[in-house]
Amino acid sequence: MLYEVLISPFVDFAFMRRALVAVIAVAIISGPLGVFLQLRRMSLMGDALAHAILPGVAIGFFLFGLDLWAMSVGGLIACLTVALLSGLVARMTPIKEDTSLAALYLVSLALGVLIVSLRGSTRDLLHILFGSLLSIGSDGLILVVATAILSMAVFAVIYRNLVVECFDPIYLRAVGGRGALAHMVFLILIVLNLVAAIQALGTLMAVGLMILPAAAARFWSRSVASMIALGSGLALVSGLLGLMGSYHLDLPPGPAIVLVAGLIYAGSVIAGRYGGLLGRLFPGAHLQH
């Protein structure tokens, strides 16, 4: 019985094996990206960038149909354009960057939905928004895995500057650290991984696997390195459980994976070692003196 539930789907079906590899790749890079999105208080920015991808993906879809590379390039251009424009507006006007980004991503989302509606059907739009993990092809798998490997290599180079800038940006500037460059590279990594995850989880679900496991890890760890490791681990568990649940219960895999991550986050909020509700409501006896 255990073999049939946990192992048989991956042994019997090639599409499940491809989905498993994609989930592992996305989960591994989701840990570090999600943790630093949280530490830098940019979680909502990650969600906004995920929405900003849509018009570029839609234009690629409008011109070339469901072509992975066309949609990926379009999404990359659209997302980088929104990010750069929001920063430019924030610097040249009294509008803050979060407000500027929110305004631009709402316009982008509406434009993307409009373009898709002109070219395709509701089913096409759902494919773009929520992905199709169980039907991921070789090109999509190569894109996801290659992006994850490249991102981990680049992340290792900028890791130290990111950590120092999060906790002591003044010191980093004093010693000549390139915090601004590290920040820009970090944003590019987020965009690249959101675009790569289009085929697997879709534009609206990809950011969920970045944010939720990292937020849950915060309740169980205090060091950056352990939060990254735990965040990747929880993302992997969410991906595996969601993937198996989608197979056995006939559910869409993207939402199933994110909902599992949401349940893990909810459990961490309640029972987490650092700041969990149970710990706050029923502190140890040593905290009562």
# chains A, B, ... in the order shown; residues from 1 in each chain; ligands from 1
call {"tool": "residues_around", "arguments": {"residues": "A:Leu111", "least_positions_apart": "6", "cutoff": "10 Å", "atoms": "only C-alpha atoms", "output": "list in words"}}
result
Ala52, Leu54, Pro55, Gly56, Ala58, Ile59, Tyr105 and Ser117 of chain A
call {"tool": "write_last_selection", "arguments": {"atoms": "N, CA and C atoms", "output": "short mmCIF file (atom, residue, chain, number, x, y, z; two decimals), in the first residue's frame"}}
result
data_model
loop_
_atom_site.label_atom_id
_atom_site.label_comp_id
_atom_site.auth_asym_id
_atom_site.auth_seq_id
_atom_site.Cartn_x
_atom_site.Cartn_y
_atom_site.Cartn_z
N ALA A 52 3.39 40.77 -12.71
CA ALA A 52 3.91 41.60 -13.79
C ALA A 52 4.38 40.78 -14.98
N LEU A 54 2.75 38.49 -16.47
CA LEU A 54 1.63 38.04 -17.30
C LEU A 54 1.53 38.71 -18.67
N PRO A 55 1.65 40.05 -18.79
CA PRO A 55 1.48 40.62 -20.14
C PRO A 55 2.55 40.15 -21.13
N GLY A 56 3.79 39.99 -20.67
CA GLY A 56 4.83 39.49 -21.56
C GLY A 56 4.56 38.06 -21.99
N ALA A 58 1.61 36.74 -22.09
CA ALA A 58 0.43 36.79 -22.95
C ALA A 58 0.79 37.22 -24.37
N ILE A 59 1.71 38.19 -24.50
CA ILE A 59 2.12 38.62 -25.85
C ILE A 59 2.83 37.47 -26.58
N TYR A 105 1.87 46.76 -11.48
CA TYR A 105 1.55 45.35 -11.63
C TYR A 105 0.06 45.14 -11.85
N SER A 117 -7.40 37.03 -23.60
CA SER A 117 -8.81 36.91 -24.00
C SER A 117 -9.00 37.18 -25.48
#
call {"tool": "residues_around", "arguments": {"residues": "A:Phe282", "least_positions_apart": "6", "cutoff": "12 Å", "atoms": "only C-alpha atoms", "output": "ChimeraX atom specification"}}
result
/A:270-271,275-276,288
call {"tool": "write_last_selection", "arguments": {"atoms": "N, CA and C atoms", "output": "PDB file, in the first residue's frame"}}
result
ATOM      1  N   ILE A 270       1.165  28.404  14.509  1.00  0.00           N
ATOM      2  CA  ILE A 270       0.552  27.942  15.757  1.00  0.00           C
ATOM      3  C   ILE A 270       1.581  27.345  16.712  1.00  0.00           C
ATOM      4  N   ALA A 271       2.432  26.460  16.201  1.00  0.00           N
ATOM      5  CA  ALA A 271       3.297  25.688  17.085  1.00  0.00           C
ATOM      6  C   ALA A 271       4.775  26.000  16.936  1.00  0.00           C
ATOM      7  N   GLY A 275       8.275  32.358  18.367  1.00  0.00           N
ATOM      8  CA  GLY A 275       7.192  33.273  18.062  1.00  0.00           C
ATOM      9  C   GLY A 275       5.873  32.627  17.729  1.00  0.00           C
ATOM     10  N   GLY A 276       5.755  31.288  17.857  1.00  0.00           N
ATOM     11  CA  GLY A 276       4.494  30.621  17.590  1.00  0.00           C
ATOM     12  C   GLY A 276       3.426  31.001  18.609  1.00  0.00           C
ATOM     13  N   GLN A 288       7.768  33.157  33.309  1.00  0.00           N
ATOM     14  CA  GLN A 288       6.740  33.798  34.101  1.00  0.00           C
ATOM     15  C   GLN A 288       7.289  34.542  35.302  1.00  0.00           C
TER      16      GLN A 288
END
call {"tool": "residues_around", "arguments": {"residues": "stretch 134-144 of chain A", "least_positions_apart": "3", "cutoff": "8 Å", "atoms": "only C-alpha atoms", "output": "MDAnalysis selection string"}}
result
chainID A and resid 15:16 18:19 21:22 25:26 68 147:148 193 196:197 199:200 253
call {"tool": "closest_atom_pairs", "arguments": {"of": "stretch 26-143 of chain A", "to": "stretch 163-172 of chain A", "cutoff": "10 Å", "atoms": "only C-alpha atoms", "output": "CSV"}}
result
residue,atom,partner,partner_atom,distance
A:Phe36,CA,A:Val163,CA,8.3
A:Leu39,CA,A:Cys166,CA,6.6
A:Arg40,CA,A:Cys166,CA,6.2
A:Arg41,CA,A:Cys166,CA,9.6
call {"tool": "write_last_selection", "arguments": {"atoms": "C-alpha atoms", "output": "PDB file, in the first residue's frame"}}
result
ATOM      1  CA  PHE A  36      15.942  36.948   1.615  1.00  0.00           C
ATOM      2  CA  LEU A  39      14.537  39.461   5.490  1.00  0.00           C
ATOM      3  CA  ARG A  40      14.482  42.387   3.071  1.00  0.00           C
ATOM      4  CA  ARG A  41      10.722  42.869   3.571  1.00  0.00           C
TER       5      ARG A  41
END
call {"tool": "atom_distance", "arguments": {"atom1": "atom CA of A:Pro32", "atom2": "atom CA of A:Ser108"}}
result
27.0 Å
call {"tool": "residues_around", "arguments": {"residues": "stretch 214-220 of chain A", "least_positions_apart": "5", "cutoff": "12 Å", "atoms": "only C-alpha atoms", "output": "PyMOL selection string"}}
result
chain A and resi 27-39+41+43+207-209+225-236+238+260-279
call {"tool": "closest_atom_pairs", "arguments": {"of": "stretch 187-252 of chain A", "to": "stretch 4-10 of chain A", "cutoff": "9 Å", "atoms": "only C-alpha atoms", "output": "JSON lines"}}
result
{"residue": "A:Met244", "atom": "CA", "partner": "A:Leu6", "partner_atom": "CA", "distance": 7.3}
{"residue": "A:Tyr247", "atom": "CA", "partner": "A:Pro9", "partner_atom": "CA", "distance": 8.0}
{"residue": "A:His248", "atom": "CA", "partner": "A:Val5", "partner_atom": "CA", "distance": 7.9}
call {"tool": "closest_residue", "arguments": {"among": "A:His51, A:Phe64, A:Ala90, A:Leu189", "to": "A:Leu109", "atoms": "only C-alpha atoms"}}
result
A:His51
call {"tool": "residues_around", "arguments": {"residues": "A:Gly239", "least_positions_apart": "3", "cutoff": "6 Å", "atoms": "only C-alpha atoms", "output": "list in words"}}
result
Val23, Leu236, Gly242, Leu243 and Ile257 of chain A
call {"tool": "write_last_selection", "arguments": {"atoms": "all heavy atoms", "output": "compact mmCIF listing (two decimals), in the first residue's frame"}}
result
# COMPACT_ATOMS: atom_id res chain seq x y z
N VAL A 23 9.88 19.90 -9.45
CA VAL A 23 9.55 20.31 -8.08
C VAL A 23 10.83 20.42 -7.24
O VAL A 23 11.00 21.36 -6.47
CB VAL A 23 8.57 19.30 -7.45
CG1 VAL A 23 8.55 19.44 -5.93
CG2 VAL A 23 7.18 19.52 -8.00
N LEU A 236 10.39 21.57 -0.53
CA LEU A 236 10.47 20.24 -1.15
C LEU A 236 9.35 19.33 -0.62
O LEU A 236 8.69 18.63 -1.39
CB LEU A 236 11.84 19.62 -0.88
CG LEU A 236 12.08 18.23 -1.49
CD1 LEU A 236 11.90 18.28 -3.00
CD2 LEU A 236 13.48 17.74 -1.14
N GLY A 242 2.11 17.84 -2.32
CA GLY A 242 1.15 18.40 -3.26
C GLY A 242 1.09 17.63 -4.56
O GLY A 242 0.01 17.40 -5.13
N LEU A 243 2.25 17.18 -5.03
CA LEU A 243 2.31 16.42 -6.28
C LEU A 243 1.60 15.08 -6.12
O LEU A 243 0.80 14.67 -6.99
CB LEU A 243 3.77 16.21 -6.69
CG LEU A 243 4.04 15.52 -8.03
CD1 LEU A 243 3.40 16.30 -9.17
CD2 LEU A 243 5.54 15.40 -8.26
N ILE A 257 0.10 22.11 -4.35
CA ILE A 257 1.41 22.32 -3.73
C ILE A 257 1.40 23.55 -2.84
O ILE A 257 1.88 23.53 -1.70
CB ILE A 257 2.49 22.44 -4.83
CG1 ILE A 257 2.71 21.08 -5.50
CG2 ILE A 257 3.80 22.96 -4.25
CD1 ILE A 257 3.61 21.13 -6.72
call {"tool": "closest_residue", "arguments": {"among": "A:Val11, A:Leu259, A:Arg178, A:Arg17", "to": "A:Pro213", "atoms": "only C-alpha atoms"}}
result
A:Leu259
call {"tool": "closest_residue", "arguments": {"among": "A:Ile188, A:Leu133, A:Met152, A:Leu101", "to": "A:Leu20", "atoms": "only C-alpha atoms"}}
result
A:Leu133
call {"tool": "closest_residue", "arguments": {"among": "A:Leu241, A:Val107, A:Leu187, A:Met205", "to": "A:Leu162", "atoms": "only C-alpha atoms"}}
result
A:Leu187
call {"tool": "decode", "arguments": {"residues": "stretch 10-22 of chain A", "atoms": "all heavy atoms", "output": "mmCIF file, in the first residue's frame"}}
result
data_model
loop_
_atom_site.group_PDB
_atom_site.id
_atom_site.type_symbol
_atom_site.label_atom_id
_atom_site.label_comp_id
_atom_site.auth_asym_id
_atom_site.auth_seq_id
_atom_site.Cartn_x
_atom_site.Cartn_y
_atom_site.Cartn_z
ATOM 1 N N PHE A 10 5.798 7.407 -9.505
ATOM 2 C CA PHE A 10 7.032 7.886 -10.110
ATOM 3 C C PHE A 10 7.741 6.786 -10.894
ATOM 4 O O PHE A 10 8.516 7.068 -11.812
ATOM 5 C CB PHE A 10 7.962 8.445 -9.031
ATOM 6 C CG PHE A 10 7.335 9.546 -8.234
ATOM 7 C CD1 PHE A 10 6.900 9.320 -6.939
ATOM 8 C CD2 PHE A 10 7.149 10.797 -8.783
ATOM 9 C CE1 PHE A 10 6.314 10.332 -6.206
ATOM 10 C CE2 PHE A 10 6.554 11.818 -8.054
ATOM 11 C CZ PHE A 10 6.127 11.577 -6.764
ATOM 12 N N VAL A 11 7.494 5.528 -10.535
ATOM 13 C CA VAL A 11 8.086 4.409 -11.257
ATOM 14 C C VAL A 11 7.316 4.122 -12.545
ATOM 15 O O VAL A 11 7.903 3.834 -13.600
ATOM 16 C CB VAL A 11 8.115 3.144 -10.366
ATOM 17 C CG1 VAL A 11 8.577 1.921 -11.168
ATOM 18 C CG2 VAL A 11 9.028 3.363 -9.167
ATOM 19 N N ASP A 12 6.009 4.245 -12.472
ATOM 20 C CA ASP A 12 5.151 3.833 -13.594
ATOM 21 C C ASP A 12 4.986 4.896 -14.677
ATOM 22 O O ASP A 12 4.710 4.562 -15.833
ATOM 23 C CB ASP A 12 3.764 3.437 -13.076
ATOM 24 C CG ASP A 12 3.813 2.232 -12.153
ATOM 25 O OD1 ASP A 12 4.798 1.474 -12.230
ATOM 26 O OD2 ASP A 12 2.867 2.055 -11.351
ATOM 27 N N PHE A 13 5.123 6.181 -14.318
ATOM 28 C CA PHE A 13 4.776 7.245 -15.261
ATOM 29 C C PHE A 13 5.928 8.231 -15.430
ATOM 30 O O PHE A 13 6.416 8.806 -14.452
ATOM 31 C CB PHE A 13 3.522 7.989 -14.795
ATOM 32 C CG PHE A 13 2.316 7.106 -14.654
ATOM 33 C CD1 PHE A 13 1.879 6.707 -13.405
ATOM 34 C CD2 PHE A 13 1.646 6.650 -15.786
ATOM 35 C CE1 PHE A 13 0.775 5.882 -13.268
ATOM 36 C CE2 PHE A 13 0.538 5.830 -15.668
ATOM 37 C CZ PHE A 13 0.107 5.435 -14.403
ATOM 38 N N ALA A 14 6.320 8.449 -16.687
ATOM 39 C CA ALA A 14 7.409 9.379 -16.983
ATOM 40 C C ALA A 14 7.022 10.815 -16.654
ATOM 41 O O ALA A 14 7.864 11.606 -16.202
ATOM 42 C CB ALA A 14 7.813 9.267 -18.455
ATOM 43 N N PHE A 15 5.739 11.168 -16.841
ATOM 44 C CA PHE A 15 5.331 12.550 -16.577
ATOM 45 C C PHE A 15 5.433 12.876 -15.091
ATOM 46 O O PHE A 15 5.717 14.007 -14.717
ATOM 47 C CB PHE A 15 3.923 12.821 -17.104
ATOM 48 C CG PHE A 15 2.816 12.158 -16.330
ATOM 49 C CD1 PHE A 15 2.253 12.764 -15.224
ATOM 50 C CD2 PHE A 15 2.328 10.931 -16.748
ATOM 51 C CE1 PHE A 15 1.220 12.162 -14.525
ATOM 52 C CE2 PHE A 15 1.292 10.319 -16.058
ATOM 53 C CZ PHE A 15 0.747 10.925 -14.940
ATOM 54 N N MET A 16 5.256 11.874 -14.223
ATOM 55 C CA MET A 16 5.420 12.104 -12.786
ATOM 56 C C MET A 16 6.892 12.277 -12.431
ATOM 57 O O MET A 16 7.234 13.077 -11.550
ATOM 58 C CB MET A 16 4.810 10.964 -11.994
ATOM 59 C CG MET A 16 3.290 10.940 -11.990
ATOM 60 S SD MET A 16 2.571 12.358 -11.114
ATOM 61 C CE MET A 16 2.986 11.949 -9.409
ATOM 62 N N ARG A 17 7.759 11.556 -13.114
ATOM 63 C CA ARG A 17 9.197 11.712 -12.857
ATOM 64 C C ARG A 17 9.679 13.094 -13.288
ATOM 65 O O ARG A 17 10.484 13.725 -12.589
ATOM 66 C CB ARG A 17 9.984 10.608 -13.577
ATOM 67 C CG ARG A 17 9.743 9.223 -13.011
ATOM 68 C CD ARG A 17 10.773 8.231 -13.527
ATOM 69 N NE ARG A 17 10.645 7.976 -14.964
ATOM 70 C CZ ARG A 17 9.870 7.042 -15.485
ATOM 71 N NH1 ARG A 17 9.119 6.283 -14.706
ATOM 72 N NH2 ARG A 17 9.838 6.846 -16.803
ATOM 73 N N ARG A 18 9.198 13.566 -14.439
ATOM 74 C CA ARG A 18 9.574 14.915 -14.873
ATOM 75 C C ARG A 18 9.043 15.966 -13.900
ATOM 76 O O ARG A 18 9.746 16.919 -13.569
ATOM 77 C CB ARG A 18 9.040 15.174 -16.286
ATOM 78 C CG ARG A 18 9.738 14.388 -17.381
ATOM 79 C CD ARG A 18 9.409 14.959 -18.761
ATOM 80 N NE ARG A 18 7.993 14.836 -19.050
ATOM 81 C CZ ARG A 18 7.452 13.784 -19.664
ATOM 82 N NH1 ARG A 18 8.213 12.766 -20.038
ATOM 83 N NH2 ARG A 18 6.142 13.765 -19.908
ATOM 84 N N ALA A 19 7.814 15.784 -13.449
ATOM 85 C CA ALA A 19 7.245 16.726 -12.485
ATOM 86 C C ALA A 19 8.038 16.713 -11.190
ATOM 87 O O ALA A 19 8.256 17.768 -10.573
ATOM 88 C CB ALA A 19 5.785 16.365 -12.219
ATOM 89 N N LEU A 20 8.489 15.547 -10.765
ATOM 90 C CA LEU A 20 9.269 15.437 -9.529
ATOM 91 C C LEU A 20 10.588 16.198 -9.649
ATOM 92 O O LEU A 20 10.981 16.924 -8.727
ATOM 93 C CB LEU A 20 9.543 13.967 -9.219
ATOM 94 C CG LEU A 20 10.419 13.685 -7.997
ATOM 95 C CD1 LEU A 20 9.751 14.201 -6.728
ATOM 96 C CD2 LEU A 20 10.719 12.191 -7.884
ATOM 97 N N VAL A 21 11.270 16.044 -10.777
ATOM 98 C CA VAL A 21 12.535 16.765 -10.982
ATOM 99 C C VAL A 21 12.296 18.271 -10.975
ATOM 100 O O VAL A 21 13.071 19.034 -10.376
ATOM 101 C CB VAL A 21 13.196 16.318 -12.304
ATOM 102 C CG1 VAL A 21 14.420 17.177 -12.605
ATOM 103 C CG2 VAL A 21 13.589 14.850 -12.232
ATOM 104 N N ALA A 22 11.225 18.716 -11.621
ATOM 105 C CA ALA A 22 10.906 20.146 -11.639
ATOM 106 C C ALA A 22 10.618 20.663 -10.242
ATOM 107 O O ALA A 22 11.075 21.749 -9.861
ATOM 108 C CB ALA A 22 9.704 20.408 -12.558
#
